[in-house]
$ cat data09.csv   # CSV, C-alpha atoms
chain,number,residue,atom,x,y,z
A,24,MET,CA,38.9,52.7,-21.2
A,25,MET,CA,36.2,50.5,-19.6
A,26,SER,CA,37.0,46.9,-19.0
A,27,THR,CA,34.6,44.3,-20.2
A,28,VAL,CA,33.5,41.8,-17.6
A,29,THR,CA,32.7,38.4,-19.0
A,30,GLN,CA,29.9,36.9,-17.0
A,31,THR,CA,29.9,33.1,-16.5
A,32,PRO,CA,26.5,31.7,-17.5
A,33,CYS,CA,24.5,30.5,-14.5
A,34,VAL,CA,24.4,26.8,-14.3
A,35,GLY,CA,21.0,25.6,-13.4
A,36,ARG,CA,20.6,23.0,-10.5
A,37,PRO,CA,19.7,19.5,-11.6
A,38,ARG,CA,16.0,18.9,-11.6
A,39,ALA,CA,15.1,17.4,-8.2
A,40,PHE,CA,13.5,14.0,-8.5
A,41,ASP,CA,10.3,13.0,-6.8
A,42,ALA,CA,11.5,11.0,-3.7
A,43,ASP,CA,8.1,9.4,-3.1
A,44,ASP,CA,7.8,8.2,-6.7
A,45,ALA,CA,11.4,6.9,-6.7
A,46,LEU,CA,10.7,5.0,-3.5
A,47,ALA,CA,7.6,3.5,-5.0
A,48,LYS,CA,9.6,2.3,-8.0
A,49,ALA,CA,12.3,0.8,-5.7
A,50,LEU,CA,9.5,-1.0,-3.8
A,51,GLU,CA,8.3,-2.6,-7.0
A,52,VAL,CA,11.8,-3.8,-7.8
A,53,PHE,CA,12.4,-5.3,-4.4
A,54,TRP,CA,8.9,-6.9,-4.5
A,55,ARG,CA,9.7,-8.5,-7.8
A,56,LYS,CA,13.3,-9.6,-7.2
A,57,GLY,CA,13.7,-9.8,-3.4
A,58,PHE,CA,16.4,-8.0,-1.4
A,59,GLU,CA,19.4,-10.0,-2.6
A,60,GLY,CA,18.2,-10.4,-6.1
A,61,THR,CA,18.0,-6.6,-6.6
A,62,SER,CA,21.2,-4.8,-7.6
A,63,LEU,CA,22.0,-1.2,-7.2
A,64,THR,CA,21.9,-0.9,-11.0
A,65,ASP,CA,18.3,-2.4,-11.0
A,66,LEU,CA,17.3,0.3,-8.5
A,67,THR,CA,19.0,3.3,-10.1
A,68,GLN,CA,17.5,2.4,-13.5
A,69,ALA,CA,14.0,1.9,-12.1
A,70,MET,CA,14.2,5.0,-9.9
A,71,GLY,CA,15.7,7.2,-12.7
A,72,ILE,CA,18.5,8.5,-10.5
A,73,ASN,CA,22.3,7.8,-10.1
A,74,LYS,CA,24.0,6.1,-7.2
A,75,PRO,CA,25.1,9.3,-5.4
A,76,SER,CA,21.6,10.6,-5.5
A,77,LEU,CA,20.3,7.3,-4.2
A,78,TYR,CA,22.7,7.3,-1.3
A,79,ALA,CA,22.0,11.0,-0.5
A,80,ALA,CA,18.3,10.5,-0.4
A,81,PHE,CA,17.8,7.0,1.0
A,82,GLY,CA,21.1,5.8,2.4
A,83,ASN,CA,22.5,2.4,1.3
A,84,LYS,CA,20.6,-0.5,-0.2
A,85,GLU,CA,19.6,-1.9,3.2
A,86,GLN,CA,18.2,1.5,4.4
A,87,LEU,CA,16.3,1.9,1.1
A,88,PHE,CA,14.8,-1.6,1.5
A,89,LEU,CA,13.6,-0.8,5.0
A,90,LYS,CA,12.0,2.4,3.7
A,91,ALA,CA,10.3,0.4,0.9
A,92,ILE,CA,9.0,-2.0,3.6
A,93,GLU,CA,7.4,0.9,5.4
A,94,LEU,CA,5.8,2.1,2.2
A,95,TYR,CA,4.6,-1.5,1.5
A,96,GLU,CA,2.8,-1.7,4.8
A,97,GLN,CA,1.1,1.7,4.3
A,98,ARG,CA,-0.3,0.9,0.9
A,99,PRO,CA,-4.1,1.6,0.5
A,100,CYS,CA,-4.6,-2.1,-0.5
A,101,ALA,CA,-2.7,-3.4,2.6
A,102,PHE,CA,-5.2,-5.7,4.4
A,103,PHE,CA,-3.6,-7.3,7.4
A,104,TYR,CA,-3.6,-4.6,10.1
A,105,PRO,CA,-6.8,-2.9,8.9
A,106,SER,CA,-8.5,-6.3,9.3
A,107,LEU,CA,-7.8,-6.3,13.0
A,108,GLU,CA,-10.3,-3.5,13.5
A,109,LYS,CA,-13.2,-5.7,12.4
A,110,GLU,CA,-16.0,-6.3,14.9
A,111,THR,CA,-15.7,-10.1,15.4
A,112,ALA,CA,-12.8,-12.6,15.3
A,113,TYR,CA,-14.5,-14.3,12.3
A,114,GLN,CA,-14.7,-11.0,10.4
A,115,VAL,CA,-11.1,-10.3,11.2
A,116,VAL,CA,-9.9,-13.5,9.7
A,117,GLU,CA,-12.4,-13.3,6.8
A,118,SER,CA,-11.1,-9.8,5.9
A,119,MET,CA,-7.5,-11.1,6.1
A,120,LEU,CA,-8.0,-14.1,4.0
A,121,TYR,CA,-10.2,-12.5,1.3
A,122,GLY,CA,-7.8,-9.5,1.3
A,123,ALA,CA,-4.9,-11.8,0.7
A,124,ALA,CA,-6.8,-13.6,-2.1
A,125,SER,CA,-7.4,-10.3,-3.8
A,126,SER,CA,-4.2,-8.4,-3.2
A,127,LEU,CA,-1.6,-11.2,-3.6
A,128,VAL,CA,-2.6,-11.8,-7.2
A,129,ASP,CA,-3.5,-8.2,-8.2
A,130,GLU,CA,-1.9,-7.7,-11.6
A,131,SER,CA,-1.3,-4.0,-10.9
A,132,HIS,CA,1.8,-4.9,-8.8
A,133,PRO,CA,4.2,-7.9,-8.4
A,134,GLN,CA,2.6,-11.1,-7.1
A,135,GLY,CA,3.0,-12.4,-3.6
A,136,CYS,CA,4.0,-10.7,-0.4
A,137,LEU,CA,7.2,-8.7,0.1
A,138,ILE,CA,7.2,-9.3,3.9
A,139,VAL,CA,7.1,-13.1,3.3
A,140,GLN,CA,9.3,-13.5,0.3
A,141,GLY,CA,11.6,-10.4,0.3
A,142,ALA,CA,14.5,-12.2,2.1
A,143,LEU,CA,13.7,-15.9,2.8
A,144,ALA,CA,17.2,-16.8,1.9
A,145,CYS,CA,20.1,-14.4,2.4
A,146,SER,CA,23.8,-14.3,2.5
A,147,GLU,CA,25.6,-13.2,5.6
A,148,ALA,CA,25.5,-9.6,4.3
A,149,GLY,CA,21.7,-9.7,4.1
A,150,GLN,CA,21.1,-11.4,7.4
A,151,ALA,CA,20.0,-8.2,9.1
A,152,ILE,CA,17.3,-7.7,6.5
A,153,LYS,CA,16.2,-11.3,6.9
A,154,GLU,CA,15.9,-10.8,10.7
A,155,THR,CA,13.9,-7.6,10.1
A,156,LEU,CA,11.3,-9.4,8.0
A,157,ILE,CA,11.1,-12.3,10.5
A,158,THR,CA,10.4,-9.7,13.2
A,159,ARG,CA,7.7,-8.1,11.1
A,160,ARG,CA,6.0,-11.4,10.6
A,161,ARG,CA,6.2,-12.2,14.3
A,162,ASP,CA,4.8,-8.7,15.1
A,163,GLY,CA,1.8,-9.5,12.8
A,164,GLU,CA,1.3,-12.9,14.5
A,165,GLN,CA,1.4,-11.2,17.9
A,166,ALA,CA,-1.0,-8.5,16.9
A,167,LEU,CA,-3.5,-11.2,15.6
A,168,CYS,CA,-3.0,-13.3,18.7
A,169,GLU,CA,-3.8,-10.3,20.9
A,170,ARG,CA,-6.9,-9.6,18.9
A,171,LEU,CA,-8.1,-13.2,19.1
A,172,GLN,CA,-7.4,-13.3,22.8
A,173,ARG,CA,-9.6,-10.2,23.2
A,174,ALA,CA,-12.3,-12.0,21.2
A,175,LYS,CA,-12.0,-15.0,23.5
A,176,ASP,CA,-12.2,-12.8,26.6
A,177,GLU,CA,-15.4,-11.2,25.2
A,178,GLY,CA,-17.0,-14.5,24.5
A,179,ASP,CA,-16.7,-14.1,20.7
A,180,LEU,CA,-14.5,-17.3,20.5
A,181,PRO,CA,-15.2,-20.6,22.3
A,182,ALA,CA,-13.7,-21.0,25.7
A,183,ASP,CA,-11.4,-23.8,24.5
A,184,ALA,CA,-10.0,-21.7,21.6
A,185,ASP,CA,-6.2,-21.2,21.5
A,186,PRO,CA,-5.5,-17.6,20.3
A,187,LEU,CA,-1.8,-18.3,19.8
A,188,LEU,CA,-2.3,-21.5,17.8
A,189,LEU,CA,-5.1,-19.8,15.8
A,190,SER,CA,-2.9,-16.8,14.9
A,191,ARG,CA,-0.1,-19.1,13.8
A,192,TYR,CA,-2.5,-21.2,11.8
A,193,ILE,CA,-3.8,-18.1,10.0
A,194,GLY,CA,-0.3,-16.7,9.5
A,195,THR,CA,0.8,-20.0,8.0
A,196,VAL,CA,-2.2,-20.0,5.6
A,197,LEU,CA,-1.5,-16.4,4.6
A,198,GLN,CA,2.2,-17.1,3.9
A,199,GLY,CA,1.2,-20.2,1.9
A,200,MET,CA,-1.2,-18.1,-0.1
A,201,ALA,CA,1.6,-15.7,-0.9
A,202,VAL,CA,3.8,-18.5,-2.3
A,203,GLN,CA,0.9,-19.9,-4.3
A,204,ALA,CA,0.3,-16.4,-5.7
A,205,THR,CA,3.9,-16.3,-7.1
A,206,ASN,CA,3.2,-19.7,-8.6
A,207,GLY,CA,0.5,-18.2,-10.7
A,208,ILE,CA,-2.6,-19.4,-8.9
A,209,CYS,CA,-5.8,-17.6,-9.9
A,210,PRO,CA,-7.8,-15.4,-7.5
A,211,GLU,CA,-10.8,-17.9,-7.5
A,212,GLU,CA,-8.5,-20.7,-6.2
A,213,LEU,CA,-7.2,-18.5,-3.5
A,214,ARG,CA,-10.7,-17.6,-2.4
A,215,LYS,CA,-11.5,-21.3,-2.2
A,216,VAL,CA,-8.6,-21.7,0.2
A,217,ALA,CA,-10.0,-18.8,2.2
A,218,GLU,CA,-13.5,-20.4,2.2
A,219,LEU,CA,-12.1,-23.7,3.5
A,220,VAL,CA,-10.3,-22.0,6.4
A,221,LEU,CA,-13.4,-20.0,7.3
A,222,ALA,CA,-15.7,-23.0,7.2
A,223,ASN,CA,-13.6,-24.5,10.0
A,224,PHE,CA,-13.0,-21.4,12.0
A,225,PRO,CA,-14.2,-21.7,15.6
A,226,LYS,CA,-17.3,-19.6,16.4
A,227,ASN,CA,-19.5,-19.5,19.4
A,228,ASN,CA,-23.1,-20.4,18.6
A,229,PRO,CA,-25.5,-17.5,19.1
$ encode --input "data09.csv" --output "structure tokens"
Amino acid sequence: MMSTVTQTPCVGRPRAFDADDALAKALEVFWRKGFEGTSLTDLTQAMGINKPSLYAAFGNKEQLFLKAIELYEQRPCAFFYPSLEKETAYQVVESMLYGAASSLVDESHPQGCLIVQGALACSEAGQAIKETLITRRRDGEQALCERLQRAKDEGDLPADADPLLLSRYIGTVLQGMAVQATNGICPEELRKVAELVLANFPKNNP
């Protein structure tokens, strides 16, 4: 008599989630709420995954935030580092300021700047994230300073121009524009701020 073998139905693997899409959704949550204001529940709900999947794919919350920062800086609408490639110092700053006036209030994403506002105030547990963002802001300032120093060396800026002071000035304006964007300022008003800065930007007379 032949024995009957009962086969266990094959259980399908869970559908793999799109890691890039999940990271983009995490970025939007961090951008809107900041590092400390974002909970793991906020992230898993927005990303459409559970906590074990989040940990397996991205690590802990801090590691996920750092990956989100990298994505933030690589966005097509990111304006700071691409602006450094402009031909003149004036065009560099013009591109940064007008880029900020447009991007910071773009309604297709949260307002303001994640690098500026993502972790301005943190508990001890989030101190490493705060320091990371401070370092990113300093790196940007240094990159702009080096670009303006090159402009001065090439005669594109006046001989008495101070590249470090100028880079800090522009950085301060950009960070202030980011805060104003979260306050609900309109693009036209931000452009007026940019125009005022550009009207006083040092240039060599041709």
$ atom_distance --input "data09.csv" --atom1 "atom CA of Ala204 of chain A" --atom2 "atom CA of Phe102 of chain A"
15.7 Å
$ closest_residue --input "data09.csv" --among "A:Gly141, A:Pro75, A:Pro210, A:Gly194" --to "Phe103 of chain A" --atoms "all atoms listed in the file"
A:Gly194
$ closest_residue --input "data09.csv" --among "A:Gln140, A:Thr155, A:Thr111, A:Asn73" --to "Val202 of chain A" --atoms "only C-alpha atoms"
A:Gln140
$ residues_around --input "data09.csv" --residues "Tyr95 of chain A" --least-positions-apart "5" --cutoff "9 Å" --atoms "all atoms listed in the file" --output "number ranges by chain"
A: 47, 50, 90, 101, 137-138
$ residues_near_point --input "data09.csv" --point "(5.0, -11.0, -6.1)" --cutoff "6 Å" --atoms "only C-alpha atoms" --output "ChimeraX atom specification"
/A:54-55,133-136,205
$ residues_around --input "data09.csv" --residues "Thr195 of chain A" --least-positions-apart "6" --cutoff "10 Å" --atoms "only C-alpha atoms" --output "list in words"
Glu164, Leu189 and Ala201 of chain A
